[in-house]
Structures are given as structure tokens and as C-alpha cells.
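Quick look at my_file25.txt (compact mmCIF, C-alpha atoms):
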# COMPACT_ATOMS: atom_id res chain seq x y z
CA MET A 12 -89.40 -49.81 6.28
CA THR A 13 -91.98 -51.66 8.35
CA ILE A 14 -94.15 -49.50 10.60
CA THR A 15 -94.48 -51.41 13.87
CA PRO A 16 -96.48 -50.53 17.00
CA ARG A 17 -93.17 -49.84 18.76
CA ARG A 18 -92.12 -47.38 16.04
CA LEU A 19 -95.53 -45.69 16.12
CA GLY A 20 -95.20 -45.35 19.89
CA LEU A 21 -91.78 -43.76 19.43
CA TRP A 22 -93.14 -41.27 16.90
CA PHE A 23 -96.02 -40.40 19.19
CA ALA A 24 -93.58 -39.74 22.04
CA LEU A 25 -91.41 -37.58 19.78
CA ALA A 26 -94.49 -35.61 18.71
CA ALA A 27 -95.49 -35.07 22.34
CA LEU A 28 -92.02 -33.71 23.16
CA ALA A 29 -91.85 -31.55 20.02
CA PHE A 30 -95.27 -29.97 20.61
CA ALA A 31 -95.20 -29.79 24.43
CA PRO A 32 -94.17 -26.09 24.57
CA THR A 33 -96.89 -25.24 22.04
CA ILE A 34 -99.56 -27.12 24.00
CA THR A 35 -98.64 -25.35 27.25
CA GLY A 36 -98.46 -21.94 25.58
CA ALA A 37 -94.71 -21.40 25.88
CA MET A 38 -94.46 -21.23 22.08
CA PRO A 39 -94.73 -19.35 19.81
CA ILE A 40 -92.90 -16.47 21.41
CA PHE A 41 -91.39 -15.06 18.23
CA HIS A 42 -92.43 -14.73 14.60
CA GLY A 43 -92.37 -18.04 12.74
CA ALA A 44 -91.91 -20.15 15.88
CA ARG A 45 -95.24 -21.90 15.30
CA TYR A 46 -93.56 -23.92 12.54
CA LEU A 47 -90.64 -24.99 14.71
CA PRO A 48 -92.34 -28.01 16.36
CA TYR A 49 -93.09 -29.51 12.95
CA ALA A 50 -89.46 -29.14 11.91
CA VAL A 51 -88.29 -30.65 15.20
CA LEU A 52 -90.68 -33.57 14.84
CA VAL A 53 -89.56 -34.36 11.29
CA PHE A 54 -85.90 -34.07 12.30
CA SER A 55 -86.45 -36.29 15.38
CA ILE A 56 -88.23 -39.00 13.41
CA PHE A 57 -85.43 -38.94 10.86
CA SER A 58 -82.79 -39.07 13.62
CA PHE A 59 -84.24 -42.02 15.50
CA SER A 60 -85.77 -44.02 12.63
CA PHE A 61 -83.90 -43.30 9.41
CA THR A 62 -80.25 -42.72 10.25
CA LYS A 63 -77.58 -44.46 12.27
CA SER A 64 -75.51 -41.30 12.86
CA LYS A 65 -74.82 -40.89 16.58
CA ARG A 66 -74.21 -37.16 16.21
CA VAL A 67 -77.59 -36.61 14.58
CA LYS A 68 -79.26 -38.63 17.34
CA GLN A 69 -77.39 -36.62 20.00
CA LEU A 70 -78.46 -33.35 18.40
CA ALA A 71 -82.09 -34.49 18.32
CA THR A 72 -81.83 -35.56 21.96
CA VAL A 73 -80.48 -32.13 22.97
CA ILE A 74 -83.28 -30.31 21.13
CA LEU A 75 -86.02 -32.52 22.59
CA SER A 76 -84.50 -32.24 26.06
CA THR A 77 -84.55 -28.47 25.73
CA PHE A 78 -88.21 -28.52 24.71
CA LEU A 79 -89.00 -30.76 27.68
CA ALA A 80 -87.08 -28.53 30.08
CA VAL A 81 -88.89 -25.42 28.81
CA THR A 82 -92.25 -27.14 29.28
CA VAL A 83 -91.51 -28.40 32.79
CA CYS A 84 -90.05 -25.09 33.97
CA ASP A 85 -92.99 -23.22 32.47
CA LEU A 86 -95.47 -25.39 34.39
CA LEU A 87 -93.57 -25.35 37.69
CA ALA A 88 -93.14 -21.58 37.65
CA ARG A 89 -96.81 -20.75 37.08
CA PRO A 90 -97.87 -20.74 40.76
CA LEU A 91 -95.08 -18.26 41.47
CA MET A 92 -95.81 -15.85 38.61
CA PRO A 93 -98.22 -13.56 40.49
CA TYR A 94 -95.44 -12.92 42.99
CA ILE A 95 -92.75 -12.51 40.33
CA ILE A 96 -94.38 -10.22 37.77
CA GLU A 97 -97.34 -8.77 39.68
CA SER A 98 -95.97 -7.75 43.03
CA ARG A 99 -98.77 -5.28 43.73
CA PRO A 100 -101.17 -7.19 46.01
CA ILE A 101 -104.48 -6.64 44.21
CA GLU A 102 -103.14 -7.59 40.77
CA ARG A 103 -102.89 -11.15 42.09
CA ARG A 104 -106.58 -11.16 42.94
CA VAL A 105 -108.23 -10.57 39.57
CA HIS A 106 -109.02 -13.42 37.20
CA ALA A 107 -111.16 -14.59 34.31
CA TRP A 108 -114.69 -15.50 35.41
CA PRO A 109 -115.23 -19.22 34.65
CA PRO A 110 -118.93 -18.96 33.65
CA GLN A 111 -117.99 -16.35 31.01
CA PRO A 112 -114.18 -16.13 30.66
CA HIS A 113 -114.31 -13.04 28.44
CA LEU A 114 -115.22 -11.20 31.65
CA VAL A 115 -113.07 -10.81 34.75
CA ARG A 116 -113.81 -10.62 38.46
CA TYR A 117 -111.88 -9.97 41.62
CA ASP A 118 -111.61 -12.77 44.12
CA PRO A 119 -114.76 -12.81 46.27
CA GLY A 120 -114.52 -11.78 49.90
CA ILE A 121 -111.22 -9.89 49.71
CA SER A 122 -110.40 -7.84 52.81
CA PHE A 123 -106.94 -6.40 52.21
CA ASP A 124 -105.38 -3.71 54.38
CA GLY A 125 -101.79 -2.87 53.49
CA VAL A 126 -99.45 -0.95 51.21
CA THR A 127 -99.45 -0.63 47.43
CA TYR A 128 -98.03 1.56 44.66
CA GLY A 129 -98.79 2.44 41.04
CA ASP A 130 -98.98 0.45 37.82
CA LEU A 131 -96.52 2.75 36.04
CA ALA A 132 -93.95 2.31 38.80
CA GLU A 133 -94.41 -1.44 38.43
CA MET A 134 -93.88 -1.21 34.67
CA SER A 135 -90.80 0.97 35.06
CA ARG A 136 -89.14 -1.57 37.41
CA ARG A 137 -87.79 1.32 39.45
CA LYS A 138 -88.51 1.27 43.17
CA ASP A 139 -87.41 4.90 43.54
CA LEU A 140 -90.39 6.01 41.43
CA ARG A 141 -93.01 4.37 43.64
CA GLU A 142 -95.58 6.47 45.49
CA GLU A 143 -96.39 4.00 48.23
CA ARG A 144 -99.70 4.46 50.01
CA HIS A 145 -102.11 2.70 52.30
CA LEU A 146 -104.77 0.59 50.59
CA ARG A 147 -107.93 -0.88 51.96
CA PHE A 148 -109.48 -3.14 49.33
CA VAL A 149 -112.73 -5.02 49.94
CA THR A 150 -114.91 -7.13 47.64
CA ASP A 151 -118.29 -8.72 48.12
CA ARG A 152 -119.05 -12.40 47.57
CA PHE A 153 -119.62 -11.80 43.85
CA GLY A 154 -116.13 -10.38 43.21
CA PHE A 155 -117.01 -6.67 42.96
CA ARG A 156 -115.59 -3.82 44.97
CA ASN A 157 -118.40 -3.32 47.47
CA GLU A 158 -118.67 -3.64 51.22
CA PRO A 159 -120.34 -6.91 52.27
CA SER A 160 -122.98 -4.78 54.02
CA SER A 161 -124.28 -3.67 50.61
CA GLU A 162 -125.79 -7.07 49.96
CA GLY A 163 -129.56 -7.09 49.88
CA ARG A 164 -129.93 -3.32 49.69
CA THR A 165 -132.03 -1.51 47.10
CA PHE A 166 -129.84 0.59 44.84
CA ASP A 167 -130.33 4.08 43.44
CA LEU A 168 -127.19 3.93 41.32
CA ILE A 169 -125.12 1.26 39.59
CA LEU A 170 -121.57 2.34 38.78
CA LEU A 171 -120.35 0.62 35.63
CA GLY A 172 -116.79 1.01 34.41
CA ASP A 173 -113.28 -0.33 34.16
CA SER A 174 -110.35 0.34 36.49
CA PHE A 175 -111.42 3.98 36.82
CA GLY A 176 -114.50 2.74 38.65
CA ALA A 177 -112.68 0.05 40.60
CA THR A 178 -109.33 1.88 41.05
CA GLY A 179 -107.33 -0.91 42.65
CA GLY A 180 -104.64 1.47 43.94
CA THR A 181 -106.98 3.67 45.98
CA SER A 182 -108.56 2.86 49.33
CA GLN A 183 -112.21 1.90 49.53
CA GLU A 184 -113.33 5.06 51.31
CA GLN A 185 -111.79 7.26 48.59
CA LEU A 186 -113.51 5.67 45.60
CA LEU A 187 -115.91 7.51 43.32
CA ALA A 188 -118.68 5.15 44.47
CA SER A 189 -117.88 5.88 48.12
CA PHE A 190 -118.01 9.65 47.63
CA LEU A 191 -121.33 9.42 45.77
CA ALA A 192 -122.74 7.28 48.57
CA GLY A 193 -121.33 9.24 51.49
CA ASN A 194 -121.64 12.81 50.24
CA TYR A 195 -124.93 12.51 48.34
CA ARG A 196 -126.69 9.74 50.26
CA LEU A 197 -127.08 7.43 47.30
CA ASP A 198 -127.26 3.66 47.56
CA VAL A 199 -124.52 2.68 45.10
CA TYR A 200 -123.48 -0.72 43.78
CA ASN A 201 -120.11 -0.81 42.03
CA LEU A 202 -119.99 -3.19 39.04
CA SER A 203 -116.63 -1.87 37.80
CA VAL A 204 -113.72 -4.25 37.19
CA SER A 205 -110.21 -3.50 36.04
CA GLY A 206 -109.46 -4.27 32.39
CA HIS A 207 -113.01 -4.29 31.02
CA SER A 208 -113.92 -2.69 27.69
CA PRO A 209 -117.27 -0.90 27.30
CA GLN A 210 -118.61 -4.08 25.71
CA GLN A 211 -117.50 -6.16 28.71
CA GLU A 212 -119.05 -3.58 31.02
CA TYR A 213 -122.34 -3.91 29.16
CA ALA A 214 -122.13 -7.72 29.39
CA THR A 215 -121.41 -7.49 33.12
CA LEU A 216 -124.51 -5.36 33.68
CA PHE A 217 -126.55 -7.74 31.49
CA LEU A 218 -125.50 -10.81 33.49
CA GLU A 219 -125.56 -9.25 36.97
CA ASN A 220 -128.63 -7.03 36.70
CA ASP A 221 -131.30 -9.50 37.79
CA ARG A 222 -129.69 -10.26 41.15
CA LEU A 223 -129.51 -6.56 42.12
CA LYS A 224 -132.44 -4.99 43.92
CA LYS A 225 -133.24 -1.71 42.22
CA ARG A 226 -135.75 1.08 42.49
CA GLU A 227 -138.02 2.05 39.60
CA GLY A 228 -135.76 3.71 37.03
CA THR A 229 -132.47 3.09 38.85
CA THR A 230 -129.63 5.01 37.21
CA VAL A 231 -126.59 3.37 35.61
CA LEU A 232 -123.56 5.66 35.70
CA TRP A 233 -121.41 4.40 32.82
CA LEU A 234 -117.80 5.57 33.00
CA LEU A 235 -115.97 5.62 29.67
CA PHE A 236 -112.21 6.09 29.61
CA ALA A 237 -110.67 8.07 26.77
CA GLY A 238 -107.27 6.39 27.18
CA ASN A 239 -108.06 2.84 26.07
CA ASP A 240 -111.78 2.07 25.77
CA LEU A 241 -111.57 2.08 21.99
CA ASP A 242 -108.45 -0.10 22.01
CA ASP A 243 -109.65 -2.74 24.48
CA LEU A 244 -110.79 -6.21 23.50
CA TYR A 245 -114.22 -6.74 21.95
CA TYR A 246 -115.82 -10.17 21.48
CA LYS A 247 -118.62 -11.19 19.15
CA ASP A 248 -120.20 -13.48 21.74
CA LEU A 249 -120.59 -10.64 24.25
CA GLU A 250 -123.05 -8.87 21.98
CA ASN A 251 -125.49 -11.49 23.24
CA PRO A 252 -124.05 -12.26 26.69
CA ALA A 253 -124.62 -15.73 28.07
CA LEU A 254 -123.00 -18.13 30.49
CA LEU A 255 -121.01 -20.87 28.80
CA SER A 256 -121.94 -24.53 28.62
CA TRP A 257 -119.65 -26.98 30.40
CA LEU A 258 -117.96 -27.89 27.11
CA GLN A 259 -117.36 -24.23 26.33
CA GLN A 260 -116.03 -23.70 29.85
CA ILE A 261 -113.53 -26.54 29.33
CA ALA A 262 -112.37 -24.96 26.07
CA ALA A 263 -112.13 -21.58 27.74
CA ALA A 264 -110.21 -23.09 30.66
CA TYR A 265 -107.65 -24.47 28.22
CA GLU A 266 -107.40 -21.08 26.53
CA ARG A 267 -106.66 -19.47 29.93
CA PHE A 268 -104.13 -22.22 30.70
CA HIS A 269 -102.43 -21.66 27.34
CA ASP A 270 -102.31 -17.88 27.75
CA GLY A 271 -101.00 -18.25 31.31
CA SER A 272 -97.66 -19.63 30.15
CA THR A 273 -94.76 -18.31 32.23
CA VAL A 274 -92.56 -17.90 29.18
CA ARG A 275 -95.30 -16.08 27.28
CA ARG A 276 -96.07 -13.72 30.15
CA LEU A 277 -92.43 -12.90 30.84
CA SER A 278 -91.67 -12.27 27.18
CA GLY A 279 -94.72 -10.01 26.97
CA ARG A 280 -93.41 -7.82 29.80
CA SER A 281 -89.90 -7.34 28.49
CA HIS A 282 -90.73 -4.03 26.79
CA LEU A 283 -93.07 -2.50 29.39
CA SER A 284 -90.49 -0.14 30.83
CA ASP A 285 -90.18 1.47 27.39
CA LEU A 286 -93.82 2.54 27.62
CA VAL A 287 -93.28 4.66 30.74
CA ILE A 288 -92.49 8.36 30.35
CA THR A 289 -90.88 10.07 33.33
CA LYS A 290 -91.20 13.83 33.78
CA THR A 291 -90.54 16.24 36.63
CA PHE A 292 -93.48 18.13 38.14
CA LEU A 293 -93.46 21.70 39.49
CA ASN A 294 -92.64 20.45 42.97
CA GLY A 295 -89.51 18.71 41.69
CA ARG A 296 -90.97 15.23 42.11
CA PRO A 297 -91.16 12.68 39.27
CA ILE A 298 -94.50 12.06 37.58
CA LEU A 299 -95.03 9.10 35.25
CA PHE A 300 -97.10 8.82 32.08
CA LEU A 301 -98.01 5.99 29.71
CA LYS A 302 -96.78 6.42 26.15
CA PRO A 303 -99.79 4.82 24.39
CA TYR A 304 -102.16 7.17 26.23
CA ALA A 305 -99.94 10.13 25.33
CA ASP A 306 -99.97 9.10 21.67
CA ARG A 307 -103.78 8.81 21.62
CA ILE A 308 -104.32 12.42 22.70
CA ALA A 309 -103.85 13.43 19.05
CA ARG A 310 -106.79 11.31 17.84
CA ASN A 311 -109.59 13.40 16.41
CA ALA A 312 -113.21 12.35 15.90
CA ASP A 313 -112.54 11.02 12.40
CA ASP A 314 -109.67 8.91 13.72
CA VAL A 315 -112.04 7.42 16.28
CA ARG A 316 -114.66 6.62 13.64
CA ARG A 317 -112.03 4.92 11.48
CA HIS A 318 -110.73 2.80 14.34
CA PRO A 319 -111.10 -0.99 13.79
CA ASN A 320 -113.13 -1.28 17.01
CA PHE A 321 -115.47 1.62 16.33
CA ASP A 322 -118.33 -0.53 15.00
CA HIS A 323 -118.13 -2.69 18.15
CA PHE A 324 -118.07 0.45 20.29
CA LYS A 325 -121.10 1.88 18.49
CA THR A 326 -122.98 -1.41 18.70
CA THR A 327 -122.38 -1.51 22.44
CA PHE A 328 -124.27 1.76 22.83
CA THR A 329 -127.20 0.36 20.88
CA LEU A 330 -127.24 -2.80 22.99
CA MET A 331 -127.03 -0.78 26.20
CA ASN A 332 -129.97 1.36 25.09
CA GLN A 333 -132.09 -1.68 24.27
CA PHE A 334 -131.26 -3.36 27.57
CA ALA A 335 -131.91 -0.21 29.61
CA LYS A 336 -135.36 0.20 28.06
CA GLN A 337 -136.16 -3.45 28.66
CA LYS A 338 -135.15 -3.28 32.32
CA ASN A 339 -136.38 0.27 32.98
CA LEU A 340 -132.93 1.63 33.73
CA ARG A 341 -131.71 5.15 33.09
CA VAL A 342 -128.18 5.39 31.65
CA VAL A 343 -125.93 8.42 32.06
CA VAL A 344 -122.40 8.57 30.68
CA ALA A 345 -119.28 10.32 32.00
CA VAL A 346 -116.07 10.35 29.96
CA VAL A 347 -112.91 10.20 32.04
CA PRO A 348 -109.85 11.81 30.42
CA SER A 349 -106.43 10.28 30.75
CA LYS A 350 -103.76 11.70 33.03
CA GLU A 351 -101.89 12.51 29.85
CA GLU A 352 -104.71 14.86 28.79
CA VAL A 353 -105.13 16.64 32.12
CA TYR A 354 -101.39 17.12 32.61
CA SER A 355 -100.45 17.35 28.93
CA TRP A 356 -98.44 20.50 29.56
CA VAL A 357 -96.05 18.46 31.72
CA LEU A 358 -95.64 15.91 28.94
CA ASN A 359 -95.01 18.57 26.31
CA GLY A 360 -92.82 20.87 28.37
CA ALA A 361 -95.37 23.68 27.89
CA PRO A 362 -96.14 26.51 30.34
CA ALA A 363 -97.86 25.32 33.51
CA TRP A 364 -101.62 24.78 33.50
CA THR A 365 -102.05 25.22 29.75
CA ALA A 366 -103.73 21.88 28.95
CA SER A 367 -106.46 22.22 26.34
CA LYS A 368 -110.01 21.92 27.64
CA GLU A 369 -111.32 21.03 24.20
CA PRO A 370 -113.01 17.62 24.11
CA SER A 371 -110.94 14.74 22.83
CA GLY A 372 -111.92 12.97 19.62
CA PHE A 373 -113.11 10.09 21.79
CA ALA A 374 -115.33 12.40 23.87
CA VAL A 375 -116.81 14.02 20.75
CA VAL A 376 -117.83 10.65 19.31
CA ALA A 377 -119.06 9.33 22.66
CA HIS A 378 -121.24 12.43 22.97
CA GLU A 379 -122.71 11.77 19.50
CA LEU A 380 -123.50 8.17 20.43
CA CYS A 381 -125.09 9.26 23.70
CA ASP A 382 -127.31 11.74 21.87
CA ALA A 383 -128.32 9.05 19.39
CA ASN A 384 -129.31 6.69 22.21
CA GLY A 385 -130.85 9.16 24.61
CA PHE A 386 -128.10 8.96 27.27
CA LYS A 387 -127.26 12.06 29.27
CA PHE A 388 -123.56 12.90 28.74
CA PHE A 389 -120.81 14.69 30.67
CA ASP A 390 -117.14 15.16 29.78
CA LEU A 391 -114.99 15.38 32.92
CA LYS A 392 -111.97 16.82 31.12
CA PRO A 393 -112.58 20.58 31.59
CA THR A 394 -113.54 20.06 35.24
CA LEU A 395 -110.46 17.99 36.03
CA ILE A 396 -108.13 20.39 34.21
CA GLU A 397 -109.48 23.33 36.22
CA ALA A 398 -109.34 21.37 39.46
CA SER A 399 -105.78 20.18 38.79
CA GLU A 400 -104.51 23.77 38.96
CA LYS A 401 -106.73 24.81 41.85
CA LYS A 402 -105.90 21.82 44.04
CA PHE A 403 -102.18 22.07 43.48
CA LYS A 404 -102.05 25.77 44.24
CA GLU A 405 -104.18 25.32 47.37
CA THR A 406 -102.81 22.11 48.83
CA GLY A 407 -99.98 20.85 46.59
CA GLU A 408 -102.11 17.82 45.64
CA LEU A 409 -102.45 16.16 42.26
CA LEU A 410 -105.59 14.45 40.94
CA TRP A 411 -103.70 11.34 39.80
CA TRP A 412 -101.19 9.22 41.63
CA ARG A 413 -97.75 10.28 40.44
CA ASP A 414 -96.78 6.67 39.66
CA ASP A 415 -100.10 5.45 38.28
CA THR A 416 -102.40 5.77 35.27
CA HIS A 417 -105.37 6.14 37.65
CA TRP A 418 -106.76 9.03 39.63
CA ASN A 419 -106.26 9.21 43.39
CA GLY A 420 -108.85 10.00 46.06
CA VAL A 421 -108.60 13.74 45.39
CA GLY A 422 -109.40 13.25 41.71
CA GLN A 423 -112.27 10.91 42.48
CA ARG A 424 -113.80 13.35 44.95
CA VAL A 425 -113.66 16.14 42.33
CA ALA A 426 -115.18 13.78 39.75
CA ALA A 427 -117.94 12.67 42.14
CA ASP A 428 -118.98 16.25 42.82
CA ALA A 429 -119.01 17.15 39.11
CA ILE A 430 -120.84 13.98 38.08
CA TYR A 431 -123.48 14.47 40.71
CA GLN A 432 -124.11 18.09 39.76
CA ASN A 433 -124.25 17.36 36.02
CA LEU A 434 -125.76 13.89 35.79
CA LEU A 435 -127.34 12.73 39.07
CA ARG A 436 -128.86 15.64 40.94
CA ASP A 437 -132.30 14.95 39.44
CA ILE A 438 -132.59 11.67 41.33
CA PRO A 439 -135.62 12.33 43.55
CA PRO A 440 -134.82 12.94 47.23
CA SER A 441 -137.18 10.12 48.18
CA ARG A 442 -134.60 7.65 46.90
CA TYR A 443 -131.82 8.82 49.17
CA SER A 444 -130.53 6.38 51.74
CA LEU A 445 -130.79 7.18 55.40
CA PRO A 446 -127.60 8.71 56.89
Written form, C-alpha cells:
Amino acid sequence: MTITPRRLGLWFALAALAFAPTITGAMPIFHGARYLPYAVLVFSIFSFSFTKSKRVKQLATVILSTFLAVTVCDLLARPLMPYIIESRPIERRVHAWPPQPHLVRYDPGISFDGVTYGDLAEMSRRKDLREERHLRFVTDRFGFRNEPSSEGRTFDLILLGDSFGATGGTSQEQLLASFLAGNYRLDVYNLSVSGHSPQQEYATLFLENDRLKKREGTTVLWLLFAGNDLDDLYYKDLENPALLSWLQQIAAAYERFHDGSTVRRLSGRSHLSDLVITKTFLNGRPILFLKPYADRIARNADDVRRHPNFDHFKTTFTLMNQFAKQKNLRVVVAVVPSKEEVYSWVLNGAPAWTASKEPSGFAVVAHELCDANGFKFFDLKPTLIEASEKKFKETGELLWWRDDTHWNGVGQRVAADAIYQNLLRDIPPSRYSLP
């Protein structure tokens, strides 16, 4: 058979159709699917170049048409996905940061005032489980959850954490950072972003530090979350954080495009409702928990040390210590327990208010790493367990949103008071902001 330019053009077109879903990220979506495009390409070339069978050609046409339809629908549906699978307003406003796509930011200049509900209610797909509440959500021009008026100020405290520092389902005035600023007259800058691992938090501080005006020995309050900080993503390149070159940014942009496939994202959400545990609280109202967090309660210190990410976690402490010394920062660490720890008696059907105050395996290891690096440490678990009983008996309030993995304003106020008394009260009065 003679290979002509026309035949080569045909084969190239067949290859483009066969691999289009793979290029856009819509495949693979099941085990072994990565080999499917090769099989389709070979079959298509055979059908249109090596056989005269009309039925074989028709079958190849149907398969290629299906691949094309999947690709086109995947691309056309992408702009609508935030409204289809992330109906909570703030979830549409967080994105990879182009200069370093392994970090995320909120959209700059957000000023949202409306209604939201919890992440667990979203995962459950049940509207009757939602605890709807008012949300005021504001970001500065850098994509962090601070009032625009904070720009240019000199900061006593930098709050560094994941969604427990940013808490996208709680209003601005009820955040941990807001309570520390308002109740204790501290100038606070919040560097927390939802979804960050401790390593990403370190990289964020590394890359943002120089633009922040700080006092001599400004304190970094580093929130660590027992529920998922060990299981989050860790990246080798973030051990030496740097902004990407334009070529690297192009490669990273394609990676984000590939991972943003509609088909991929929808298939990844199909099982989320199975991860939600629904229980009934003392007041007869439903309270939701996340199964992975519930399963991790049983981890002891040895389990933590054997975790595949432990070396990355440990290295992050070392890097944070080196950076803090270089920049004359003081680092203090507070471990936030999961809702599943504080209200474990609800999960287990045990007598009310019998959650164990013993430190989790995660907290034990985090304490060891803090001691090794000279960081002052505080475990919030006993405080929050005690407060959970006291607050409910006094006011009927919980410390977490019923439909969310995150603490509400009541929980953050309790945490702010405890953190200040145990970690921050030695900040000299001369640093306090004016009322």
C-alpha cells in the first residue's frame, strides 16, 4: 500500500478524533481507559484504509462520532460547571494561582453578601439537611480573606492555615482572625486559603511575606487541622517555593485545563454522598459528619509516623523553622480537631458529652515536631470538647455548623480566646492596635 499525503492526513485526523477526549481530560475515567484511544485509532485506520466493509466503516464512524461528541460537550459545559456542581457561592471563587499553580487563591476584591450552607449538605445532595445562614465574604486585592482597609498596615500577627483559617461558610466578622483583632486589639493579616496543606501554607507565607509590613518578631499563628493535613497534597517543588517561568506556567495551565474536564469532575463527585454520615443530635436536629475524618480518629502516633506523607510533613516544619529564623518571625502552632473528634459521642452513639480529651495521634506528633523546632504548641481539642457541652447547655449552640466540616462563629470565638490565652498573650502591649 502506498502512503500518500492524503492518507497521512486521514490518519492524522483519525488520531485527533481518537485522542480528543484524552487531550481535554475527559478520559481516562475508568481503569484501563487510557489504552482505549490507541485501540480506537488502530481500528479506525484499519476501517478506512484496509477494508472495504461498510459495516466496519460505520462502526468506526459511530465510535469516532461518540468521541467527538464527548469532547465537544465536555468543552461547552465547562463554563457552567461552577453553577452545576458547586452551587455554594464562594466555591466558585477559588482557583489555582497562575504564578504558582500548586497554590490557590480566592478571587481578588470579592464583596459577597448573601446566603450559603455547608459543604456536607452539598455533598449529601439533600436540601433538607442544609443549615442556611447569612454570609459576608470579603477578600483583598491579593485574594486573601481580609478587609481592603488592612492594606498597608503593620501586622502583629499573621494567621496561616487552610479552610479553618479562611472558613468560607462563616461571615467575616465571626472569623478567628476577626475575633483576635477585635477582642485583643491585634493587627492580623489572614493568609489562610481553603484546601491548602501545611506545605502549601508554608509556601504561601514564603512567597507573600516580603510584601507584608511587620513589626520586629511578628508572630505567625499556624493552624494545623487533624482531619486532613497529613492526607493533603504535597509537592517537591514547594520545598523551595518559587514563581514559575512562562513556559512552566503554560504547562501548568494545560494541567489545570486537563483536570477541569466536565466529565472528570462529574465522575469524581458521583460517590460523595456516600462519604456523609447523618446523625441526630440531642435537640432532635440532624448533624452531618465526614466519613474519612471519622475513620482517621483511630490513628495513633505510630500510624501518623508511618503515613506516606509524614516525611513531607516533617520537612515542612524544618523549612518553616529556617524561614522564620531568617525573617525574624515567631511561629506558634495550634492544632484544630475535627468535628468528628469533638462530637465523637454522637458518631458512636455513646452517652452525651463523653468525647475523649486525649490528644489525637496527629496532635502528639505535631507537638513533637514543634518541640524539635522551637515552636510553641497548643492543642484545641480539650478546650473545644469542654466548650461544646457548656455552650449547648447554656444556649443550645454547637461549635460547628450542623451541615459543615468547619466550625461556626461560636467555635471560632472559643478558639480565639483559648489561642490568645495559651499562645499570644505575651505579645507586648505596645504592639496593640488602637481601638
Subject >> Expected residue set, 12 Å radius at (-89.2, 0.4, 40.1), all atoms listed in the file, as a ChimeraX atom specification >> reply: /A:98-99,128-143,283-284,287,289,299,414
Original post:
Which of these residues is nearest to A:Ile169, using only C-alpha atoms: A:Ile308, A:Ala426, A:Ile396, A:Leu191?
Top reply: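 The shortest atom-to-atom distance to A:Ile169 comes from A:Leu191.
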Subject >> Residues within 12 Å of A:Glu184, only C-alpha atoms, excluding chain neighbours under 5 positions, as a PyMOL selection string >> reply: chain A and resi 145-149+156-158+177-178+189-194+419-421+423-424
Subject >> Residues within 6 Å of A:Ala29, only C-alpha atoms, excluding chain neighbours under 2 positions, as a list of chain:residue names >> reply: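 In the requested format, the answer is A:Ala26, A:Ala27, A:Ala31, A:Pro48, A:Leu52.
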Since we have the selection now, will you write its residues out, keeping C-alpha atoms, as a PDB file, in the frame of the given file?
ATOM      1  CA  ALA A  26     -94.490 -35.610  18.710  1.00  0.00           C
ATOM      2  CA  ALA A  27     -95.490 -35.070  22.340  1.00  0.00           C
ATOM      3  CA  ALA A  31     -95.200 -29.790  24.430  1.00  0.00           C
ATOM      4  CA  PRO A  48     -92.340 -28.010  16.360  1.00  0.00           C
ATOM      5  CA  LEU A  52     -90.680 -33.570  14.840  1.00  0.00           C
TER       6      LEU A  52
END
**OP:** Work out how far atom CA of A:Gln333 is from atom CA of A:Tyr245, in Å to one decimal.
**Re:**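 Here the two named atoms are 18.7 Å from each other.
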**OP:** Give the answer as one residue: which of A:Val342, A:Leu434, A:Leu244, A:Leu234 has the shortest atom-to-atom distance to A:His207, using all atoms listed in the file?
**Re:** A:Leu244
